[in-house]
$ cat my_file-v2.csv   # CSV, C-alpha atoms
chain,number,residue,atom,x,y,z
A,1,MET,CA,29.5,8.3,27.8
A,2,TRP,CA,26.3,10.4,27.7
A,3,ILE,CA,26.6,12.6,24.7
A,4,ASP,CA,24.1,15.1,26.0
A,5,ASP,CA,26.5,15.8,28.9
A,6,LEU,CA,29.4,16.4,26.6
A,7,VAL,CA,30.7,19.9,26.7
A,8,ALA,CA,33.1,20.6,23.9
A,9,SER,CA,36.2,22.6,24.5
A,10,GLU,CA,36.4,26.1,23.2
A,11,SER,CA,40.0,25.8,22.3
A,12,GLY,CA,39.3,26.4,18.6
A,13,GLU,CA,39.9,22.8,17.7
A,14,ARG,CA,37.4,20.6,16.1
A,15,ILE,CA,35.3,18.2,18.0
A,16,ASP,CA,36.8,14.8,18.2
A,17,ALA,CA,35.8,12.4,15.4
A,18,THR,CA,34.8,9.7,17.8
A,19,ASP,CA,32.5,12.1,19.6
A,20,VAL,CA,30.8,13.0,16.3
A,21,ALA,CA,30.5,9.3,15.5
A,22,ALA,CA,28.9,8.7,18.9
A,23,LEU,CA,26.5,11.6,18.3
A,24,TYR,CA,25.6,10.1,15.0
A,25,ARG,CA,24.8,6.7,16.5
A,26,GLN,CA,22.7,8.3,19.2
A,27,HIS,CA,20.7,10.9,17.2
A,28,ALA,CA,20.9,10.1,13.5
A,29,ALA,CA,17.8,7.9,13.3
A,30,ASP,CA,15.5,10.5,15.0
A,31,LEU,CA,17.1,13.3,13.0
A,32,ARG,CA,16.5,11.4,9.8
A,33,SER,CA,12.9,10.9,10.6
A,34,PHE,CA,12.5,14.5,11.6
A,35,LEU,CA,14.0,15.7,8.3
A,36,THR,CA,11.9,13.3,6.3
A,37,GLY,CA,8.8,14.7,8.0
A,38,VAL,CA,9.8,18.3,7.2
A,39,LEU,CA,11.2,17.7,3.7
A,40,ARG,CA,8.9,14.8,2.5
A,41,ASP,CA,11.8,13.4,0.6
A,42,ARG,CA,14.1,10.6,1.8
A,43,ASP,CA,17.0,11.5,-0.4
A,44,LEU,CA,16.9,15.2,0.6
A,45,ALA,CA,16.6,14.2,4.2
A,46,GLU,CA,19.7,12.0,4.0
A,47,GLU,CA,21.6,14.8,2.3
A,48,VAL,CA,20.7,17.3,4.9
A,49,LEU,CA,21.5,14.8,7.7
A,50,GLN,CA,25.0,14.5,6.3
A,51,THR,CA,25.3,18.3,6.2
A,52,VAL,CA,24.2,18.4,9.8
A,53,PHE,CA,27.1,16.2,10.8
A,54,HIS,CA,29.5,18.2,8.7
A,55,ARG,CA,28.3,21.2,10.7
A,56,THR,CA,28.8,19.3,13.9
A,57,THR,CA,32.4,18.5,12.9
A,58,ASP,CA,33.0,22.2,12.1
A,59,ARG,CA,31.1,23.8,15.0
A,60,GLY,CA,30.4,21.1,17.6
A,61,HIS,CA,33.2,22.3,19.8
A,62,THR,CA,31.3,25.5,20.4
A,63,VAL,CA,28.2,23.7,21.8
A,64,HIS,CA,27.5,23.8,25.5
A,65,GLY,CA,25.0,21.6,27.1
A,66,ASP,CA,22.2,20.0,25.2
A,67,PHE,CA,23.7,18.6,22.0
A,68,ARG,CA,20.4,17.0,20.9
A,69,ALA,CA,18.5,20.3,20.9
A,70,TRP,CA,21.4,21.9,19.0
A,71,LEU,CA,21.4,19.1,16.4
A,72,PHE,CA,17.7,19.4,15.8
A,73,ARG,CA,18.0,23.2,15.5
A,74,VAL,CA,20.8,22.8,12.9
A,75,ALA,CA,18.7,20.2,11.1
A,76,TYR,CA,15.7,22.4,11.0
A,77,ASN,CA,17.6,25.4,9.7
A,78,GLU,CA,19.4,23.3,7.0
A,79,ALA,CA,16.0,21.8,6.0
A,80,MET,CA,14.4,25.2,5.7
A,81,GLN,CA,17.3,26.4,3.6
A,82,VAL,CA,17.0,23.4,1.2
A,83,ARG,CA,13.2,23.9,1.0
A,84,ARG,CA,13.5,27.5,0.0
A,85,LYS,CA,15.9,26.4,-2.8
A,86,GLN,CA,13.6,23.6,-3.8
A,87,THR,CA,10.3,25.5,-3.8
A,88,ARG,CA,9.6,25.0,-7.4
A,89,GLU,CA,10.5,21.4,-7.6
A,90,ARG,CA,8.8,20.6,-4.3
A,91,SER,CA,5.3,20.9,-5.9
A,92,ALA,CA,6.1,18.0,-8.1
A,93,LEU,CA,7.1,15.7,-5.2
A,94,SER,CA,4.8,13.0,-4.1
A,95,LYS,CA,3.6,13.7,-0.6
A,96,ALA,CA,3.4,9.9,0.1
A,97,VAL,CA,7.1,9.3,-0.5
A,98,TRP,CA,7.9,9.6,3.2
A,99,LEU,CA,5.5,6.7,4.0
A,100,ARG,CA,7.3,4.1,1.9
A,101,PRO,CA,10.1,2.3,3.7
A,102,GLY,CA,13.4,3.4,2.3
A,103,VAL,CA,17.0,2.5,2.3
A,104,THR,CA,19.0,4.2,5.0
A,105,THR,CA,22.6,4.1,6.0
A,106,ASP,CA,21.6,2.4,9.2
A,107,GLN,CA,23.1,-1.1,9.4
A,108,SER,CA,22.1,-4.4,10.9
A,109,GLU,CA,21.6,-3.3,14.5
A,110,SER,CA,19.0,-0.8,13.7
A,111,ALA,CA,17.5,-3.1,11.1
A,112,VAL,CA,16.9,-5.7,13.9
A,113,ILE,CA,15.4,-3.0,16.1
A,114,ARG,CA,13.2,-1.9,13.3
A,115,ASP,CA,11.9,-5.5,12.7
A,116,GLU,CA,11.0,-5.8,16.3
A,117,THR,CA,9.3,-2.4,16.3
A,118,VAL,CA,7.3,-3.3,13.1
A,119,ALA,CA,6.2,-6.6,14.7
A,120,GLU,CA,5.0,-4.7,17.8
A,121,VAL,CA,3.2,-2.1,15.7
A,122,ARG,CA,1.6,-4.9,13.7
A,123,ARG,CA,0.3,-6.5,16.9
A,124,ALA,CA,-1.0,-3.1,18.0
A,125,ILE,CA,-2.8,-2.5,14.7
A,126,GLU,CA,-4.4,-6.0,14.9
A,127,GLU,CA,-5.7,-5.1,18.4
A,128,LEU,CA,-7.3,-1.9,17.2
A,129,PRO,CA,-11.1,-1.9,16.8
A,130,GLU,CA,-11.9,-2.5,13.2
A,131,ALA,CA,-13.3,1.0,12.7
A,132,GLN,CA,-10.0,2.5,13.8
A,133,ARG,CA,-7.9,0.0,11.9
A,134,GLN,CA,-9.8,0.9,8.7
A,135,VAL,CA,-9.1,4.6,9.1
A,136,VAL,CA,-5.4,3.9,9.9
A,137,ARG,CA,-5.1,1.6,6.8
A,138,MET,CA,-6.7,4.2,4.5
A,139,ARG,CA,-4.8,7.2,5.9
A,140,ILE,CA,-1.3,5.7,6.3
A,141,TYR,CA,-1.2,2.8,3.9
A,142,GLU,CA,-3.4,4.0,1.1
A,143,ASP,CA,-2.6,7.7,1.6
A,144,VAL,CA,-6.2,8.8,1.5
A,145,THR,CA,-6.9,12.2,3.1
A,146,PHE,CA,-9.2,12.4,6.1
A,147,ALA,CA,-11.8,14.3,4.1
A,148,VAL,CA,-11.9,11.6,1.4
A,149,ILE,CA,-12.1,8.8,4.0
A,150,ALA,CA,-15.1,10.5,5.6
A,151,GLU,CA,-16.7,10.7,2.2
A,152,ARG,CA,-16.0,7.1,1.3
A,153,LEU,CA,-17.2,5.7,4.6
A,154,GLY,CA,-20.1,8.1,4.7
A,155,ILE,CA,-19.3,9.3,8.2
A,156,PRO,CA,-18.6,12.8,9.6
A,157,LEU,CA,-15.0,14.1,9.3
A,158,GLY,CA,-14.9,14.6,13.1
A,159,THR,CA,-15.5,10.9,13.6
A,160,VAL,CA,-12.7,10.0,11.2
A,161,LEU,CA,-10.3,12.4,13.1
A,162,THR,CA,-11.3,10.9,16.4
A,163,ARG,CA,-10.8,7.4,15.3
A,164,MET,CA,-7.4,8.2,13.8
A,165,ARG,CA,-6.3,10.2,16.9
A,166,LEU,CA,-7.3,7.3,19.2
A,167,ALA,CA,-5.5,4.8,17.0
A,168,THR,CA,-2.3,6.9,16.8
A,169,GLU,CA,-2.3,7.3,20.6
A,170,LYS,CA,-2.3,3.6,21.0
A,171,LEU,CA,0.4,3.1,18.3
A,172,HIS,CA,2.6,5.8,19.8
A,173,LYS,CA,2.4,4.0,23.2
A,174,THR,CA,3.6,0.8,21.5
A,175,LEU,CA,6.4,2.7,19.8
A,176,LYS,CA,7.5,4.3,23.1
A,177,THR,CA,7.5,1.0,24.9
A,178,GLY,CA,9.6,-0.5,22.1
A,179,HIS,CA,12.1,2.3,22.2
A,180,GLN,CA,12.4,2.1,26.0
A,181,ARG,CA,13.2,-1.6,25.7
A,182,THR,CA,15.9,-1.0,23.1
A,183,ASP,CA,17.5,1.9,24.9
B,1,MET,CA,-20.0,25.6,14.9
B,2,SER,CA,-16.7,25.5,13.1
B,3,GLU,CA,-15.7,22.6,10.9
B,4,PRO,CA,-13.6,20.0,12.6
B,5,THR,CA,-9.9,20.2,11.7
B,6,PRO,CA,-7.0,18.0,12.8
B,7,GLN,CA,-6.0,20.7,15.3
B,8,ASN,CA,-9.2,21.8,16.9
B,9,THR,CA,-10.3,18.2,17.3
B,10,CYS,CA,-7.3,17.3,19.4
B,11,GLY,CA,-6.5,20.4,21.3
B,12,GLN,CA,-2.8,20.5,22.2
B,13,ASP,CA,-1.9,16.9,21.7
B,14,LEU,CA,1.6,17.3,20.2
B,15,ASP,CA,1.9,13.8,18.8
B,16,TRP,CA,-1.4,14.2,17.0
B,17,VAL,CA,-0.5,17.7,15.6
B,18,ALA,CA,2.9,16.3,14.5
B,19,PHE,CA,1.2,13.4,12.7
B,20,CYS,CA,-1.2,15.8,10.9
B,21,TYR,CA,1.7,18.0,9.9
B,22,VAL,CA,3.6,15.0,8.5
B,23,ALA,CA,0.5,13.7,6.8
B,24,ASP,CA,0.0,17.1,5.2
B,25,GLU,CA,-3.4,17.5,6.9
B,26,LEU,CA,-2.8,20.9,8.5
B,27,ASN,CA,-4.1,24.0,6.8
B,28,GLN,CA,-1.6,26.7,5.8
B,29,ASP,CA,-1.9,28.7,9.0
B,30,ASP,CA,-1.6,25.8,11.3
B,31,ARG,CA,1.3,24.5,9.3
B,32,ALA,CA,3.2,27.7,9.4
B,33,THR,CA,2.6,28.0,13.2
B,34,PHE,CA,3.8,24.5,13.8
B,35,GLU,CA,6.9,24.9,11.6
B,36,ALA,CA,7.8,28.1,13.5
B,37,ARG,CA,7.5,26.1,16.7
B,38,LEU,CA,9.9,23.5,15.3
B,39,GLU,CA,12.7,26.0,15.2
B,40,HIS,CA,13.0,26.3,18.9
B,41,ASP,CA,11.0,23.4,20.5
B,42,LEU,CA,12.9,20.1,20.7
B,43,SER,CA,9.7,18.3,21.9
B,44,ALA,CA,7.9,19.3,18.7
B,45,CYS,CA,10.9,18.1,16.6
B,46,GLU,CA,10.9,14.8,18.4
B,47,ALA,CA,7.1,14.5,17.9
B,48,VAL,CA,7.6,14.9,14.1
B,49,ALA,CA,10.3,12.2,14.2
B,50,ARG,CA,8.0,9.9,16.1
B,51,ALA,CA,5.1,10.6,13.6
B,52,VAL,CA,7.4,9.6,10.7
B,53,GLN,CA,8.6,6.5,12.6
B,54,LEU,CA,5.0,5.5,13.4
B,55,ALA,CA,3.8,5.9,9.8
B,56,GLU,CA,6.8,3.9,8.5
B,57,SER,CA,6.4,1.1,11.0
B,58,ALA,CA,2.6,1.0,10.4
B,59,THR,CA,3.2,0.9,6.6
B,60,MET,CA,5.7,-1.9,6.9
B,61,ALA,CA,3.4,-3.8,9.2
B,62,MET,CA,0.5,-3.5,6.9
B,63,ALA,CA,2.5,-4.3,3.8
B,64,THR,CA,3.7,-7.6,5.3
B,65,THR,CA,0.5,-8.7,6.9
B,66,PRO,CA,-2.2,-9.9,4.4
B,67,THR,CA,-5.0,-9.3,7.0
B,68,LEU,CA,-4.0,-5.7,7.4
B,69,SER,CA,-3.4,-4.8,3.7
B,70,PRO,CA,-6.0,-3.2,1.5
B,71,ASP,CA,-6.9,-6.6,0.0
B,72,SER,CA,-8.5,-7.7,3.2
B,73,PRO,CA,-12.3,-7.9,3.5
B,74,SER,CA,-13.3,-4.5,4.9
B,75,LEU,CA,-12.7,-2.3,1.9
B,76,SER,CA,-14.2,0.5,-0.1
B,77,PRO,CA,-17.2,-0.5,-2.2
B,78,ALA,CA,-15.5,0.1,-5.5
B,79,ARG,CA,-12.6,-2.2,-4.6
B,80,THR,CA,-15.0,-4.9,-3.3
B,81,ARG,CA,-16.9,-4.7,-6.5
B,82,ASP,CA,-13.8,-5.2,-8.6
B,83,ALA,CA,-12.8,-8.2,-6.5
B,84,SER,CA,-16.2,-9.9,-6.8
B,85,SER,CA,-16.4,-9.4,-10.5
B,86,ARG,CA,-12.9,-10.8,-10.9
B,87,THR,CA,-13.9,-13.8,-8.8
B,88,ARG,CA,-17.0,-14.3,-11.0
B,89,ALA,CA,-14.9,-14.1,-14.2
B,90,VAL,CA,-12.5,-16.7,-12.9
B,91,GLY,CA,-15.4,-18.9,-11.8
B,92,VAL,CA,-17.0,-18.8,-15.2
B,93,THR,CA,-13.6,-19.6,-16.9
B,94,VAL,CA,-13.0,-22.5,-14.6
B,95,LEU,CA,-16.5,-23.9,-15.3
B,96,VAL,CA,-16.1,-23.6,-19.1
B,97,ALA,CA,-12.7,-25.2,-19.0
B,98,SER,CA,-13.9,-28.1,-16.8
B,99,ILE,CA,-16.8,-28.7,-19.2
B,100,LEU,CA,-14.4,-28.8,-22.2
B,101,VAL,CA,-12.1,-31.2,-20.4
B,102,LEU,CA,-15.1,-33.5,-19.5
B,103,LEU,CA,-16.3,-33.3,-23.1
B,104,ALA,CA,-13.0,-34.1,-24.8
B,105,PRO,CA,-13.5,-37.9,-25.0
B,106,VAL,CA,-17.1,-37.6,-26.1
B,107,LEU,CA,-16.3,-35.1,-28.8
B,108,GLN,CA,-13.4,-37.2,-30.0
B,109,ASN,CA,-15.8,-40.0,-30.8
B,110,GLN,CA,-18.3,-37.6,-32.3
B,111,PHE,CA,-16.0,-35.9,-34.8
B,112,VAL,CA,-13.8,-38.8,-35.9
B,113,PRO,CA,-14.0,-38.9,-39.7
B,114,VAL,CA,-15.5,-42.1,-41.0
B,115,GLY,CA,-14.5,-41.6,-44.6
B,116,PRO,CA,-13.7,-38.9,-47.0
B,117,VAL,CA,-16.3,-36.3,-46.4
B,118,VAL,CA,-16.4,-33.3,-48.6
B,119,VAL,CA,-17.4,-30.4,-46.4
B,120,ASP,CA,-16.5,-26.8,-46.5
B,121,LYS,CA,-13.8,-26.2,-43.9
B,122,ALA,CA,-15.4,-23.1,-42.5
B,123,VAL,CA,-18.8,-24.9,-42.1
B,124,GLU,CA,-17.1,-27.9,-40.5
B,125,ASP,CA,-15.5,-25.6,-38.0
B,126,VAL,CA,-18.7,-23.8,-37.3
B,127,ASP,CA,-20.4,-27.2,-36.7
B,128,ALA,CA,-17.7,-28.4,-34.5
B,129,ILE,CA,-17.7,-25.3,-32.3
B,130,VAL,CA,-21.4,-25.1,-32.1
B,131,GLY,CA,-21.6,-28.8,-31.4
B,132,LEU,CA,-19.0,-28.4,-28.7
B,133,TRP,CA,-21.1,-25.8,-27.0
B,134,ALA,CA,-24.3,-27.8,-27.5
B,135,GLY,CA,-22.7,-30.9,-26.1
B,136,SER,CA,-21.4,-28.9,-23.1
B,137,GLN,CA,-24.9,-27.6,-22.4
B,138,ASN,CA,-26.4,-31.1,-22.6
B,139,LEU,CA,-23.7,-32.4,-20.2
B,140,VAL,CA,-24.5,-29.7,-17.7
B,141,ALA,CA,-28.2,-30.5,-18.0
B,142,ASP,CA,-27.4,-34.3,-17.6
B,143,ALA,CA,-25.2,-33.6,-14.6
B,144,SER,CA,-28.1,-31.8,-12.9
B,145,ASN,CA,-30.3,-34.9,-13.4
B,146,GLU,CA,-27.5,-37.3,-12.3
B,147,ASP,CA,-29.2,-38.3,-9.1
B,148,SER,CA,-32.3,-39.6,-10.8
B,149,GLU,CA,-30.6,-41.5,-13.6
B,150,PRO,CA,-28.1,-44.4,-13.5
B,151,PHE,CA,-24.6,-43.7,-14.8
B,152,GLU,CA,-24.8,-46.6,-17.3
B,153,ARG,CA,-27.4,-44.5,-19.3
B,154,ASP,CA,-24.5,-42.6,-20.9
B,155,VAL,CA,-23.2,-45.7,-22.6
B,156,THR,CA,-26.3,-46.0,-24.7
B,157,SER,CA,-26.9,-42.4,-25.2
B,158,PRO,CA,-26.5,-41.3,-28.9
B,159,VAL,CA,-23.8,-38.8,-28.1
B,160,ALA,CA,-21.7,-41.2,-26.2
B,161,ALA,CA,-22.1,-43.8,-28.8
B,162,GLY,CA,-20.9,-41.4,-31.5
B,163,SER,CA,-24.0,-41.7,-33.5
B,164,ASP,CA,-25.0,-39.0,-36.0
B,165,VAL,CA,-27.0,-36.5,-33.9
B,166,SER,CA,-28.6,-33.9,-36.0
B,167,LEU,CA,-26.9,-30.7,-34.8
B,168,PRO,CA,-29.6,-28.2,-35.7
B,169,THR,CA,-32.0,-30.1,-33.4
B,170,VAL,CA,-29.6,-29.9,-30.5
B,171,VAL,CA,-28.7,-26.3,-31.1
B,172,SER,CA,-32.3,-25.3,-31.2
B,173,SER,CA,-32.6,-26.5,-27.6
B,174,VAL,CA,-29.5,-24.5,-26.3
B,175,ASP,CA,-28.7,-20.9,-26.0
B,176,VAL,CA,-25.6,-20.3,-28.1
B,177,PRO,CA,-24.0,-17.1,-26.8
B,178,ASP,CA,-23.3,-14.2,-29.0
B,179,TRP,CA,-19.6,-14.2,-28.4
B,180,LEU,CA,-19.4,-17.8,-29.7
B,181,LEU,CA,-21.3,-16.9,-32.9
B,182,VAL,CA,-19.1,-13.8,-33.5
B,183,ALA,CA,-15.9,-15.9,-33.0
B,184,VAL,CA,-17.1,-18.5,-35.4
B,185,GLN,CA,-18.1,-16.0,-38.0
B,186,ALA,CA,-14.7,-14.3,-37.7
B,187,GLU,CA,-13.0,-17.7,-38.1
B,188,SER,CA,-15.1,-18.4,-41.3
B,189,VAL,CA,-14.2,-15.0,-42.8
B,190,SER,CA,-10.5,-15.7,-42.1
B,191,GLU,CA,-10.7,-19.1,-43.7
B,192,ASP,CA,-12.4,-17.7,-46.8
B,193,SER,CA,-9.8,-15.0,-47.2
B,194,VAL,CA,-7.0,-17.6,-47.0
B,195,THR,CA,-8.7,-19.7,-49.7
B,196,LEU,CA,-9.1,-16.7,-52.0
B,197,GLU,CA,-5.4,-15.8,-51.6
B,198,ASN,CA,-4.5,-19.4,-52.7
$ encode --input "my_file-v2.csv" --output "structure tokens"
Amino acid sequence: MWIDDLVASESGERIDATDVAALYRQHAADLRSFLTGVLRDRDLAEEVLQTVFHRTTDRGHTVHGDFRAWLFRVAYNEAMQVRRKQTRERSALSKAVWLRPGVTTDQSESAVIRDETVAEVRRAIEELPEAQRQVVRMRIYEDVTFAVIAERLGIPLGTVLTRMRLATEKLHKTLKTGHQRTD
Amino acid sequence: MSEPTPQNTCGQDLDWVAFCYVADELNQDDRATFEARLEHDLSACEAVARAVQLAESATMAMATTPTLSPDSPSLSPARTRDASSRTRAVGVTVLVASILVLLAPVLQNQFVPVGPVVVDKAVEDVDAIVGLWAGSQNLVADASNEDSEPFERDVTSPVAAGSDVSLPTVVSSVDVPDWLLVAVQAESVSEDSVTLEN
């Protein structure tokens, strides 16, 4: 069953639990990544993700059409609400937390997919020109800002940005290929 | 000309803007604009998810591949300096340890007590340590001349035979490092204080 084609009934009853589970399987990984990007905190992202699926259980039956867009919209609104509450604490959060691989509720199947994806990304990084690989390593792995990278390498900021953009384009292509294969 | 920013360098490349957003590289205005877009634009939301997945995968790939990690050769000058000084320190330690191991049999012969000798304990230790250093220096010098002299020469050498070599003569020809003298002096002071306490 394609969940995006699912049209819940408006009978006032809740969406079927198996449908919610199917939605979770299909969209949770992307929603989790999205929430991590917005909140910069894995634990908060996981909490909000659970809230999103509580909302889905409560209100999913009212959704017509594109469930994925609805889920992301709910996720965004919940994340913004949490961020407003957390404004003070947020300043103390490490901005690099999102970069570190964390524990998720995804089980073995996605772990295998993840391993394959990591292997493909590794190969893609190895194939990058050294100048691009160096910027990728400093920005992503060492969490050094573009401005500091430019200063350390003694090159213009524009050059750093161009190298990083070219590198991320190649890595994105690798990720997309990997996702298409696992779909 | 305006200063390059993550956004004006890349135009409308959504994946790139999303990466910059996730990496906290957008200025406040660009950030607010992009976040407003996230509220109604699924493709922007998906781009953020992809950016996080890319960063996570790349981090894991680099963390598990020695040639991609920060310890690989092409690094910042400071890090490279640290690595080379560490290598030098390890090299010196290994060299000194090797010399001491090589010298062990020679020194055993040299410092075997022949009879009851009344020597101040601290002075004896000083002599032994300085002798050790002097001996190691001689051995290094000998090793450098090894090609020109037959190995049997060592059997008849005064040091190998355990004869009484006058230490001051030897010491005068070697450069005893400061750290060794300080260490020996500290040891002497310590011995003296123990004697006084008794």
$ atom_distance --input "my_file-v2.csv" --atom1 "CA of Leu128 (chain A)" --atom2 "CA of Tyr21 (chain B)"
23.0 Å
$ closest_residue --input "my_file-v2.csv" --among "A:Leu35, A:Ile155, A:Leu49, A:Leu23" --to "chain B" --atoms "only C-alpha atoms"
A:Leu35
$ closest_residue --input "my_file-v2.csv" --among "A:Asn77, A:Gln50, A:Thr174, A:Gln26" --to "Arg122 (chain A)" --atoms "all atoms listed in the file"
A:Thr174
$ closest_residue --input "my_file-v2.csv" --among "B:Thr65, B:Ala51, B:Phe34, B:Thr59" --to "Arg165 (chain A)" --atoms "all atoms listed in the file"
B:Ala51
$ atom_distance --input "my_file-v2.csv" --atom1 "CA of Val135 (chain A)" --atom2 "CA of Ala55 (chain B)"
13.0 Å
$ atom_distance --input "my_file-v2.csv" --atom1 "CA of Arg37 (chain B)" --atom2 "CA of Val20 (chain A)"
26.7 Å
$ closest_residue --input "my_file-v2.csv" --among "A:Asp66, A:Phe146, A:Arg152, A:Tyr141" --to "Leu54 (chain B)" --atoms "all atoms listed in the file"
A:Tyr141
$ residues_around --input "my_file-v2.csv" --residues "Ile125 (chain A)" --least-positions-apart "4" --cutoff "12 Å" --atoms "all atoms listed in the file" --output "PyMOL selection string"
(chain A and resi 118-121+129-137+140+164+166-175) or (chain B and resi 54-55+57-62+65+67-69)
$ closest_residue --input "my_file-v2.csv" --among "A:Asp58, A:Asp16, A:Glu142, A:Glu151" --to "chain B" --atoms "all atoms listed in the file"
A:Glu142
$ closest_residue --input "my_file-v2.csv" --among "A:Ala147, A:Ala69, A:Val82, A:Val63" --to "chain B" --atoms "all atoms listed in the file"
A:Ala69
$ build_atoms --input "my_file-v2.csv" --residues "region 19-31 of chain A" --atoms "N, CA, C and O atoms" --output "tab-separated table (two decimals), keeping the file's coordinate frame"
chain	number	residue	atom	x	y	z
A	19	ASP	N	33.67	11.44	18.94
A	19	ASP	CA	32.50	12.10	19.60
A	19	ASP	C	31.40	12.30	18.54
A	19	ASP	O	30.22	12.10	18.81
A	20	VAL	N	31.83	12.74	17.35
A	20	VAL	CA	30.80	13.00	16.30
A	20	VAL	C	30.19	11.62	15.90
A	20	VAL	O	28.97	11.54	15.71
A	21	ALA	N	31.01	10.59	15.83
A	21	ALA	CA	30.50	9.30	15.50
A	21	ALA	C	29.47	8.81	16.56
A	21	ALA	O	28.41	8.24	16.24
A	22	ALA	N	29.81	9.10	17.81
A	22	ALA	CA	28.90	8.70	18.90
A	22	ALA	C	27.59	9.51	18.82
A	22	ALA	O	26.51	8.96	19.04
A	23	LEU	N	27.72	10.79	18.50
A	23	LEU	CA	26.50	11.60	18.30
A	23	LEU	C	25.65	11.07	17.19
A	23	LEU	O	24.42	11.03	17.29
A	24	TYR	N	26.32	10.65	16.13
A	24	TYR	CA	25.60	10.10	15.00
A	24	TYR	C	24.81	8.86	15.38
A	24	TYR	O	23.63	8.73	15.07
A	25	ARG	N	25.50	7.97	16.10
A	25	ARG	CA	24.80	6.70	16.50
A	25	ARG	C	23.62	7.02	17.39
A	25	ARG	O	22.59	6.38	17.28
A	26	GLN	N	23.75	8.02	18.22
A	26	GLN	CA	22.70	8.30	19.20
A	26	GLN	C	21.50	9.05	18.58
A	26	GLN	O	20.36	8.82	18.96
A	27	HIS	N	21.77	9.95	17.67
A	27	HIS	CA	20.70	10.90	17.20
A	27	HIS	C	20.33	10.77	15.74
A	27	HIS	O	19.31	11.35	15.35
A	28	ALA	N	21.12	10.08	14.95
A	28	ALA	CA	20.90	10.10	13.50
A	28	ALA	C	19.50	9.59	13.11
A	28	ALA	O	18.84	10.17	12.23
A	29	ALA	N	19.06	8.51	13.73
A	29	ALA	CA	17.80	7.90	13.30
A	29	ALA	C	16.63	8.91	13.54
A	29	ALA	O	15.79	9.11	12.64
A	30	ASP	N	16.61	9.55	14.71
A	30	ASP	CA	15.50	10.50	15.00
A	30	ASP	C	15.66	11.76	14.08
A	30	ASP	O	14.65	12.29	13.59
A	31	LEU	N	16.90	12.19	13.87
A	31	LEU	CA	17.10	13.30	13.00
A	31	LEU	C	16.63	13.03	11.56
A	31	LEU	O	16.00	13.86	10.90
